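Novice: Have a look at the structure that comes next, please.
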Amino acid sequence: MGFFSTILEKLGLKKEEEQAKPVVAAQPVAPVTKPAAAEAVKPKPVAVQREKDDVVAAKPVAAAAAVAAKPATPAPVAISDVDVVKKLETLGAGSNLDWKVSIVDLLKLLDIDSSREARTELAKELGCPADLMSDTAKMNPWLHKEVLRQIAKNGGNIPANLLD
């Protein structure tokens, strides 16, 4: 699991892989058999009702055939956005952490390692340009914006002014 996946899980945007996949039970399908050519030509039996030696009605006898039912497909469920802003503001109440500006504060708020090594690992995972990697003063703002962009891509409601 990548560093960014941990952020998504903490925000409630990513569940365990097994929980995320829907369970679909396989339903057996009855094999379809075609009658042999000789059987297809045979006439169907007819049931006849007689009243006083007169033919009243002739009805074909229907053979019972098993019809394979189509397996039910679940209706698609819309993915709702997670209110990331509300969640982070609730977590940050009274903490003096400015998650809207600082990647370090954002990681601390989520109780995730915010050390330089951890941020460097996250920056590599998110594709930070090499020229920013050696200078944390340049890497941190890029990383903060990219983390917020990726959260928004994964269903979080990040305000547009934080993505600029």
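We name chains A, B, ... following the order of the structure tokens; residues begin at 1 in each chain, and ligands are numbered from 1 as shown.
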Considering only C-alpha atoms, return as an MDAnalysis selection string whatever protein or nucleic-acid residues lie within 8 Å of Pro141 in chain A, sequence-local ones (same chain, fewer than 4 positions apart) excluded.
Specialist: chainID A and resid 101:103 137 145
Novice: Store the residues picked out above in a file with N, CA and C atoms, as an mmCIF file, in the first residue's frame.
Specialist:
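Writing the result to result-v1.cif gives the following:
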data_model
loop_
_atom_site.group_PDB
_atom_site.id
_atom_site.type_symbol
_atom_site.label_atom_id
_atom_site.label_comp_id
_atom_site.auth_asym_id
_atom_site.auth_seq_id
_atom_site.Cartn_x
_atom_site.Cartn_y
_atom_site.Cartn_z
ATOM 1 N N VAL A 101 -2.869 25.078 4.158
ATOM 2 C CA VAL A 101 -1.655 25.680 3.618
ATOM 3 C C VAL A 101 -0.452 24.748 3.717
ATOM 4 N N SER A 102 -0.382 23.965 4.769
ATOM 5 C CA SER A 102 0.821 23.199 5.073
ATOM 6 C C SER A 102 0.618 21.689 4.916
ATOM 7 N N ILE A 103 1.502 21.066 4.137
ATOM 8 C CA ILE A 103 1.460 19.607 4.005
ATOM 9 C C ILE A 103 1.818 18.935 5.327
ATOM 10 N N ALA A 137 11.540 23.712 0.669
ATOM 11 C CA ALA A 137 10.775 24.957 0.542
ATOM 12 C C ALA A 137 10.007 24.986 -0.781
ATOM 13 N N LYS A 145 -0.369 20.943 -2.733
ATOM 14 C CA LYS A 145 -1.340 21.114 -3.827
ATOM 15 C C LYS A 145 -1.654 19.783 -4.506
#
Novice: At a cut-off of 9 Å, using only C-alpha atoms, what residues contact range 148-156 of chain A? Leave out same-chain residues fewer than 2 positions from it and give the result as a list in words.
Specialist: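 Non-adjacent residues within range: Phe4, Ile7, Leu8, Leu11, Leu13, Lys14, Ile79, Ser80, Asp81, Val82, Asp83, Val84, Val85, Leu126, Leu143, His144, Lys145, Glu146, Ile158, Pro159, Leu162 and Leu163 of chain A.
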Novice: Between A:Asn157, A:Leu132, A:Ala123, A:Ser95, which one has atoms that come closest to Leu109 in chain A, using only C-alpha atoms?
Specialist: A:Ser95
Novice: Give the answer as one residue: which of A:Met139, A:Met133, A:Ala118, A:Leu88 has the shortest atom-to-atom distance to Gly2 in chain A, using only C-alpha atoms?
Specialist: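 Ranked by minimum distance to Gly2 in chain A, first place goes to A:Ala118.
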